[in-house]
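Below you'll find the structure, written out as structure tokens, and then a few comments.
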2 protein chains.
Amino acid sequence: MAAKEKTLADAFYETLKDVYYAERQSVKALKKSAKAAESADLRQAFETHAEESATQVERLQQVFEMIGKSARAKTCEAMQGLTAEMEEDLEDFAGSPAADAVLVGCAQAVEHYEIARYGTLKTWATQLGYKDAAKLLDQTLQEEKRTDELLTKIALTINVEGTAAAA
Amino acid sequence: MAAKEKTLADAFYETLKDVYYAERQSVKALKKSAKAAESADLRQAFETHAEESATQVERLQQVFEMIGKSARAKTCEAMQGLTAEMEEDLEDFAGSPAADAVLVGCAQAVEHYEIARYGTLKTWATQLGYKDAAKLLDQTLQEEKRTDELLTKIALTINVEGTAAAA
């Protein structure tokens with residue numbers, strides 16, 4: 001299809017494939033992060049959100065179905081970059097007093113990527129008249145925002161230990 | 001330095017270098033986006049934020065100075081991924097009715113990356129007792145949030161045209 005013929009519906013479908021890839025990667029990253037976390041609160045937050053993310057993947061499959069397309073993932077370079085950065089940081093700070101703080105920082109970067117993308121998808125779904133899809137996307141968007149807020153709260157506890165150990 | 005000896009101060013410095021890279025890339029991406037935008041409002045928003053981002057780069061240089069380090073950038077793979085995705089999308093949708101909507105979506109993904117990173121840096125600066133740095137980082141954080149909100153508002157105008165043309 002030539003670029004000039006592309007519509008908002010095409011943009012929606014392309015971004016949906018991108019987020020489908022990112023969300024499935026996110027489930028893996030969260031399980032890895034839960035194993036790496038020292039703080040019990042943080043481990044719990046990652047485990048809970050890994051389960052939530054599995055449901056979010058299913059919601060995306062429902063959205064594909066609603067627009068009459070089969071669920072397909074498209075490599076998301078942003079998520080690849082975020083994951084690469086996370087793995088590098090985990091390695092660099094493993095076992096250090098700052099390890100959990102670094103883990104939270106990386107997780108929040110992923111959360112914010114998802115917040116941006118689900119926000120865009122929700123806006124487009126509404127404008128395209130995909131009412132049910134917009135509702136599902138908003139459900140996930142609210143979960144991502146809540147997870148980000150929870151991580152901010154946890155950061156305030158665990159970082160203090162990192163600072164103390166560094167002093 | 002062995003991983004076990006790394007502190008929150010090290011995490012702060014590493015993340016600062018990462019954001020310094022990302023912010024400088026962001027200035028370039030915003031100038032490119034301003035040229036590509038069809039909507040006058042959107043072009044204006046990108047131009048204004050490109051200027052703001054140049055100031056944000058200077059603020060980061062001040063933060064480096066405050067912690068007694070020279071300003072250095074470290075390749076940020078997340079930002080590289082975001083930029084690669086943006087360039088691909090711009091090419092795919094150039095000249096289409098959805099071009100501006102796609103442009104806004106990509107810009108908001110970058111804004112959210114920055115919101116996550118400046119949020120983390122601000123929290124760490126506070127906990128490390130870098131009071132002046134925390135203030136500067138918060139100034140930038142608020143600008144990023146305002147830009148994201150403005151882009152959400154603009155998206156509601158321009159997308160409608162994209163949808164109409166697609167109908």
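How things are named: the first chain in the structure tokens is A, the next is B, and so on; residues count from 1 in each chain; ligands count from 1 in the order shown.
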Legend entry - chain A contacts to chain B at 7 Å (only C-alpha atoms) as a ChimeraX atom specification: /A:3-8,11,77-78,80-82,84-85,92-98,102,105,108-109,112-113,116-117,120,127-128,160,162-163,166
Please save N, CA, C and O atoms of the selected residues as a compact mmCIF listing (two decimals), in the first residue's frame.
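Once written, out_19.txt looks like this:
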```txt
# COMPACT_ATOMS: atom_id res chain seq x y z
N ALA A 3 2.08 5.00 0.81
CA ALA A 3 1.94 5.77 2.05
C ALA A 3 0.71 6.67 2.02
O ALA A 3 -0.03 6.77 3.00
N LYS A 4 0.46 7.29 0.88
CA LYS A 4 -0.61 8.29 0.77
C LYS A 4 -1.99 7.70 1.01
O LYS A 4 -2.92 8.41 1.34
N GLU A 5 -2.11 6.40 0.79
CA GLU A 5 -3.42 5.76 0.97
C GLU A 5 -3.65 5.30 2.40
O GLU A 5 -4.73 4.84 2.74
N LYS A 6 -2.61 5.39 3.22
CA LYS A 6 -2.74 4.87 4.58
C LYS A 6 -3.63 5.74 5.46
O LYS A 6 -3.58 6.97 5.38
N THR A 7 -4.42 5.08 6.28
CA THR A 7 -5.38 5.79 7.12
C THR A 7 -5.06 5.60 8.60
O THR A 7 -4.15 4.86 8.95
N LEU A 8 -5.87 6.25 9.43
CA LEU A 8 -5.72 6.09 10.88
C LEU A 8 -5.97 4.64 11.29
O LEU A 8 -5.35 4.14 12.24
N ALA A 11 -2.78 2.92 10.91
CA ALA A 11 -1.87 3.30 12.01
C ALA A 11 -2.25 2.52 13.27
O ALA A 11 -1.39 2.04 14.00
N GLU A 77 11.16 -1.93 18.16
CA GLU A 77 12.56 -1.57 18.43
C GLU A 77 12.71 -0.79 19.74
O GLU A 77 13.73 -0.91 20.42
N ALA A 78 11.69 -0.03 20.09
CA ALA A 78 11.74 0.71 21.35
C ALA A 78 11.81 -0.27 22.52
O ALA A 78 12.64 -0.12 23.42
N GLN A 80 12.76 -3.37 22.41
CA GLN A 80 14.05 -4.06 22.34
C GLN A 80 15.13 -3.24 23.03
O GLN A 80 15.96 -3.76 23.77
N GLY A 81 15.13 -1.92 22.76
CA GLY A 81 16.11 -1.02 23.37
C GLY A 81 15.94 -0.96 24.88
O GLY A 81 16.92 -1.01 25.63
N LEU A 82 14.70 -0.87 25.33
CA LEU A 82 14.42 -0.81 26.76
C LEU A 82 14.88 -2.09 27.45
O LEU A 82 15.46 -2.05 28.54
N ALA A 84 17.21 -4.23 26.34
CA ALA A 84 18.67 -4.31 26.28
C ALA A 84 19.28 -3.49 27.40
O ALA A 84 20.23 -3.91 28.08
N GLU A 85 18.72 -2.27 27.60
CA GLU A 85 19.21 -1.37 28.63
C GLU A 85 19.02 -1.99 30.02
O GLU A 85 19.89 -1.91 30.88
N ASP A 92 25.28 -4.84 35.51
CA ASP A 92 26.21 -3.87 36.12
C ASP A 92 25.99 -3.71 37.62
O ASP A 92 26.93 -3.46 38.36
N PHE A 93 24.72 -3.79 38.04
CA PHE A 93 24.42 -3.48 39.45
C PHE A 93 24.03 -4.71 40.28
O PHE A 93 23.64 -4.56 41.44
N ALA A 94 24.14 -5.90 39.69
CA ALA A 94 23.73 -7.12 40.41
C ALA A 94 24.45 -7.23 41.75
O ALA A 94 25.67 -7.09 41.82
N GLY A 95 23.69 -7.47 42.82
CA GLY A 95 24.28 -7.68 44.14
C GLY A 95 24.71 -6.39 44.83
O GLY A 95 25.16 -6.42 45.97
N SER A 96 24.57 -5.25 44.18
CA SER A 96 24.97 -3.98 44.79
C SER A 96 23.81 -3.42 45.61
O SER A 96 22.66 -3.83 45.43
N PRO A 97 24.09 -2.47 46.51
CA PRO A 97 23.00 -1.88 47.31
C PRO A 97 21.99 -1.12 46.44
O PRO A 97 20.88 -0.87 46.87
N ALA A 98 22.40 -0.75 45.22
CA ALA A 98 21.51 0.03 44.35
C ALA A 98 20.74 -0.85 43.37
O ALA A 98 19.96 -0.35 42.56
N VAL A 102 17.78 0.42 40.68
CA VAL A 102 18.02 0.37 39.23
C VAL A 102 16.92 -0.43 38.55
O VAL A 102 16.40 -0.05 37.49
N GLY A 105 13.81 1.66 38.26
CA GLY A 105 13.98 2.67 37.21
C GLY A 105 13.73 2.08 35.83
O GLY A 105 13.00 2.67 35.01
N GLN A 108 10.04 1.24 35.32
CA GLN A 108 9.20 2.43 35.09
C GLN A 108 9.37 2.95 33.66
O GLN A 108 8.43 3.48 33.08
N ALA A 109 10.55 2.78 33.09
CA ALA A 109 10.75 3.18 31.69
C ALA A 109 9.86 2.33 30.78
O ALA A 109 9.23 2.85 29.85
N HIS A 112 6.19 3.39 31.24
CA HIS A 112 5.87 4.64 30.54
C HIS A 112 5.78 4.45 29.03
O HIS A 112 5.00 5.12 28.37
N TYR A 113 6.56 3.54 28.50
CA TYR A 113 6.41 3.24 27.07
C TYR A 113 5.00 2.71 26.81
O TYR A 113 4.31 3.15 25.89
N ALA A 116 2.30 5.43 27.09
CA ALA A 116 2.25 6.25 25.87
C ALA A 116 1.50 5.51 24.76
O ALA A 116 0.59 6.06 24.13
N ARG A 117 1.85 4.25 24.55
CA ARG A 117 1.27 3.51 23.44
C ARG A 117 -0.20 3.18 23.64
O ARG A 117 -1.00 3.28 22.70
N THR A 120 -2.24 6.34 23.09
CA THR A 120 -2.42 6.60 21.66
C THR A 120 -3.47 5.65 21.06
O THR A 120 -4.38 6.08 20.35
N GLN A 127 -11.68 7.53 18.17
CA GLN A 127 -11.94 8.31 16.97
C GLN A 127 -12.36 7.46 15.77
O GLN A 127 -13.05 7.93 14.87
N LEU A 128 -11.94 6.21 15.79
CA LEU A 128 -12.31 5.31 14.70
C LEU A 128 -13.65 4.61 14.97
O LEU A 128 -14.14 3.85 14.14
N VAL A 160 16.40 4.27 49.85
CA VAL A 160 17.00 4.74 51.09
C VAL A 160 18.08 3.75 51.54
O VAL A 160 19.18 4.13 51.92
N GLY A 162 19.74 1.76 49.63
CA GLY A 162 20.87 1.91 48.70
C GLY A 162 21.75 3.08 49.09
O GLY A 162 22.97 2.99 49.07
N THR A 163 21.12 4.17 49.48
CA THR A 163 21.87 5.37 49.85
C THR A 163 22.65 5.13 51.13
O THR A 163 23.82 5.50 51.25
N ALA A 166 25.60 3.16 50.70
CA ALA A 166 26.62 3.85 49.91
C ALA A 166 27.36 4.90 50.75
O ALA A 166 28.43 5.35 50.39
```
When you look at stretch 28-36 of chain A with a cut-off of 6 Å (counting only C-alpha atoms), what residues show up, excluding the ones that are within fewer than 2 positions of it in the same chain? I need them as a tab-separated table (two decimals) with all heavy atoms, in the first residue's frame.
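Output (result-v6.tsv):
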```
chain	number	residue	atom	x	y	z
A	25	GLN	N	6.92	-9.23	25.51
A	25	GLN	CA	8.29	-9.09	26.04
A	25	GLN	C	8.25	-8.65	27.50
A	25	GLN	O	9.07	-9.06	28.31
A	25	GLN	CB	9.05	-8.00	25.24
A	25	GLN	CG	9.46	-8.39	23.85
A	25	GLN	CD	10.36	-9.60	23.83
A	25	GLN	OE1	9.96	-10.68	23.39
A	25	GLN	NE2	11.58	-9.45	24.32
A	26	SER	N	7.29	-7.79	27.79
A	26	SER	CA	7.14	-7.24	29.12
A	26	SER	C	6.85	-8.34	30.15
A	26	SER	O	7.38	-8.32	31.26
A	26	SER	CB	6.01	-6.20	29.10
A	26	SER	OG	5.72	-5.75	30.37
A	43	ARG	N	9.39	-7.54	44.68
A	43	ARG	CA	9.17	-8.85	44.04
A	43	ARG	C	7.68	-9.08	43.85
A	43	ARG	O	7.23	-9.47	42.78
A	43	ARG	CB	9.80	-9.95	44.90
A	43	ARG	CG	9.89	-11.29	44.17
A	43	ARG	CD	10.79	-12.29	44.89
A	43	ARG	NE	10.50	-12.40	46.30
A	43	ARG	CZ	11.33	-12.03	47.30
A	43	ARG	NH1	12.52	-11.54	47.02
A	43	ARG	NH2	10.99	-12.18	48.55
A	46	PHE	N	6.24	-6.98	41.02
A	46	PHE	CA	6.59	-7.52	39.70
A	46	PHE	C	5.76	-8.77	39.39
A	46	PHE	O	5.29	-8.94	38.26
A	46	PHE	CB	8.09	-7.86	39.63
A	46	PHE	CG	8.98	-6.65	39.48
A	46	PHE	CD1	10.22	-6.59	40.13
A	46	PHE	CD2	8.62	-5.58	38.67
A	46	PHE	CE1	11.05	-5.49	39.99
A	46	PHE	CE2	9.45	-4.46	38.53
A	46	PHE	CZ	10.67	-4.42	39.19
A	47	GLU	N	5.59	-9.62	40.40
A	47	GLU	CA	4.81	-10.85	40.17
A	47	GLU	C	3.36	-10.52	39.83
A	47	GLU	O	2.78	-11.09	38.90
A	47	GLU	CB	4.88	-11.77	41.41
A	47	GLU	CG	6.20	-12.54	41.46
A	47	GLU	CD	6.42	-13.27	42.77
A	47	GLU	OE1	5.54	-13.21	43.65
A	47	GLU	OE2	7.50	-13.89	42.92
A	50	ALA	N	3.18	-9.11	36.37
A	50	ALA	CA	3.41	-10.13	35.34
A	50	ALA	C	2.09	-10.84	35.02
A	50	ALA	O	1.77	-11.08	33.85
A	50	ALA	CB	4.46	-11.13	35.80
```
Legend entry - All alpha helix (DSSP H) residues (DSSP, backbone) inside chain A, as an MDAnalysis selection string: chainID A and resid 8:36 40:66 77:93 99:127 131:166
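Of note, atom CA of B:Asp132 and atom CA of A:Glu149 are spaced 24.4 Å apart.
A straight line drawn from atom CA of A:Thr140 to atom CA of A:Leu60 is 9.4 Å long.
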Legend entry - Top pick for closest residue to B:Leu150, considering B:Arg24, B:Asp41, B:Asp138, B:Val19 and counting only C-alpha atoms: B:Asp41
Legend entry - 8 Å contact set for A:Lys17, only C-alpha atoms, chain neighbours under 2 positions out, as a PyMOL selection string: chain A and resi 13-15+19-21+71-74
